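The structure appears right after this line, and notes come after that.
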Protein chains: 2
Amino acid sequence: MPSTLPDFSEIEKAHQRIQKFAHRTPVMTSTYFNEKTGASIFFKCENFQKIGAFKFRGAFNAVSKLTHSAGKKGIVTHSSGNHAQAVALASKMSGYSATIVMPENAPKVKVKAVRGYGADIVFCENTTKAREETAQKVMDETGATFIHPYNHPDVIAGQGTCAKELLEDHPDLDIIMAPVGGGGLISGTAIWARHRNPNIKIIGAEPKWADDAYRSLKSGKIEPVLRTDTVADGLRTSLGELTFQAIQRHVDNIHTVSEEAIISTMKDIWERMKIIIEPSCAVPLAAILENNLDVANLKVGIILTGGNVDLQNLPFA
Amino acid sequence: MPSTLPDFSEIEKAHQRIQKFAHRTPVMTSTYFNEKTGASIFFKCENFQKIGAFKFRGAFNAVSKLTHSAGKKGIVTHSSGNHAQAVALASKMSGYSATIVMPENAPKVKVKAVRGYGADIVFCENTTKAREETAQKVMDETGATFIHPYNHPDVIAGQGTCAKELLEDHPDLDIIMAPVGGGGLISGTAIWARHRNPNIKIIGAEPKWADDAYRSLKSGKIEPVLRTDTVADGLRTSLGELTFQAIQRHVDNIHTVSEEAIISTMKDIWERMKIIIEPSCAVPLAAILENNLDVANLKVGIILTGGNVDLQNLPFA
């Protein structure tokens with residue numbers, strides 16, 4: 001796997017690759033949240049993206065960069081989240097087979113979704129070691145290509161296309177915010193936004209219960225996530241080498257928020273904006289509200305990352 | 001109250017009145033539902049409208065047609081649903097006071113929403129008689145103008161602006177569908193759509209548990225709703241004289257659906273489209289799916305009427 005960060009030109013190329021296949025998602029505004037924060041907030045709605053999350057962008061870009069002969073040997077990844085569905089669909093659309101390594105206890109709804117996109121599933125124990133070994137075994141046996149969920153230049157470049165579209169629609173943003181899990185989204189976002197506007201502020205947001213990026217930025221080395229029970233299930237992962245580099249280089253600040261703020265902001269977005277977002281999406285706006293960030297009279301772009309939730313198990317119901 | 005139906009020119013004028021104040025709501029599509037039905041479905045998203053429902057259009061049109069001296073005496077209506085919020089906000093935006101008559105047992109969330117728009121609330125017993133008498137008393141004491149939720153030409157004209165926008169965006173629809181409660185929306189929709197295209201099919205949809213419009217169309221007279229417990233709480237009302245006229249004249253067919261179909265279609269729309277709709281919205285699509293309507297290769301417009309639901313009390317949770 002190449003080990004350097006993509007630059008803006010890779011994001012441009014990624015956009016050319018994906019734009020016929022990904023949705024150009026709408027940007028929504030809310031009078032209620034503008035009044036509440038004093039800012040003009042522009043929500044980039046990746047909950048309306050294919051597979052219901054921005055992850056499709058990175059996965060599709062990575063898959064479509066494969067040579068035909070490599071692609072024919074298949075794609076493999078390990079994930080029980082949106083990246084699994086993204087790789088499954090991107091592979092299917094490219095005519096390749098995909099194998100997704102999932103823990104035995106993965107939620108049935110996620111297993112069903114991945115199967116729905118035609119991927120094979122290999123179950124393993126719910127440990128990082130078992131997942132990595134199982135994926136390696138698939139690679140050894142089939143010659144399949146592994147696509148990491150975030151620590152991969154083509155994935156990062158793909159995720160950066162989201163900020164590209166947002167800044168095309170609203171070039172004069174003062175701040176751009178995204179949640180930080182493994183860091184693929186904020187990395188692509190930061191690389192593109194910094195290229196377009198050296199003065200734009202790039203702000204990450206994390207649950208306090210998964211504040212590894214916040215701590216990593218302070219300590220100067222990758223810190224692990226210490227607990228994996230935040231309601232923002234998309235943000236339970238630690239940074240990778242590449243994403244840590246991008247964050248160190250470009251991200252101005254990372255704010256952390258309580259579980260209560262995530263849940264109440266999520267509910268507020270559902271009620272006021274009438275859109276379904278997963279808990280991770282609520283984290284940047286929760287950071288503004290809980291930490292009283294001074295955004296008065298500023299134009300703030302927030303990436304709403306996805307809308308895949310279990311409606312039978314809502315955190316506020 | 002004038003007793004004739006508005007014609008298309010009244011809808012044009014209504015649109016001029018409201019367009020600076022109402023949202024031009026987006027039209028969404030879904031590959032999933034297109035594949036499931038064989039049609040191309042265009043969902044007009046009034047869940048994103050001000051107050052979270054199309055009702056704002058009719059209320060604002062009616063309020064803005066008042067003379068200043070009439071408006072200064074205030075507006076009154078009785079409703080515990082979206083019309084209450086719509087009248088409250090439209091009055092506030094026009095600088096008039098509004099009094100909403102609500103039953104003592106109205107859900108707190110709805111009382112709070114109406115108060116949030118600055119209206120006065122007068123509580124009464126939960127009977128039609130008590131509501132009408134209480135509203136009449138307010139009118140007698142203050143000279144306020146009563147705005148009926150649907151049996152009112154200005155309200156019908158306002159609701160018709162929704163179909164006007166939908167047909168501006170997609171002029172070649174073969175079918176336009178809307179749910180039928182009191183009939184204000186389908187009346188305005190039918191008047192406009194028939195004017196634009198004499199061949200378009202106009203199809204209403206109702207819960208089987210509130211199939212009064214279906215029965216009225218058959219019997220040739222206004223039939224009452226026989227039970228008021230359908231999950232589609234926006235559709236529990238009977239037709240009025242004006243809306244019955246419009247339906248008799250213009251609506252091709254009314255289909256009825258089971259409670260199960262409403263709930264499962266609602267959940268399907270939430271999951272697949274990532275938008276929050278109230279149960280009433282799901283009724284037209286449920287009619288296509290449950291009754292196997294042959295819409296293959298047709299272009300179908302469906303009005304999603306609103307998104308005001310109690311997230312703590314979802315029918316599928």
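Naming works like this for the structure tokens: A, B, ... for the chains as they're shown, residue 1 at the start of each chain, ligands 1 onward in shown order.
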Identify all chain B residues at most 12 Å from chain A by counting only C-alpha atoms; ligands do not count. Present them as number ranges by chain. B: 23, 25-32, 45-53, 109, 113, 116, 266-278, 304, 306-317
Output as an NGL selection string all residues of segment 167-223 of chain A that backbone DSSP marks as strand (DSSP E). :A and (175-179 or 201-207)
So that I can check the surroundings of segment 188-205 of chain B, please list as number ranges by chain every protein, DNA and RNA residue that reaches within 7 Å of it, counting only C-alpha atoms and ignoring chain neighbours fewer than 2 positions away. B: 7-8, 156-157, 159-160, 163-164, 174-180, 184-186, 250-256, 283-284, 287
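Minimum distance to Gln136 of chain B across B:Ser3, B:Ser80, B:Thr99, B:Thr230 (counting only C-alpha atoms) occurs at B:Thr99.
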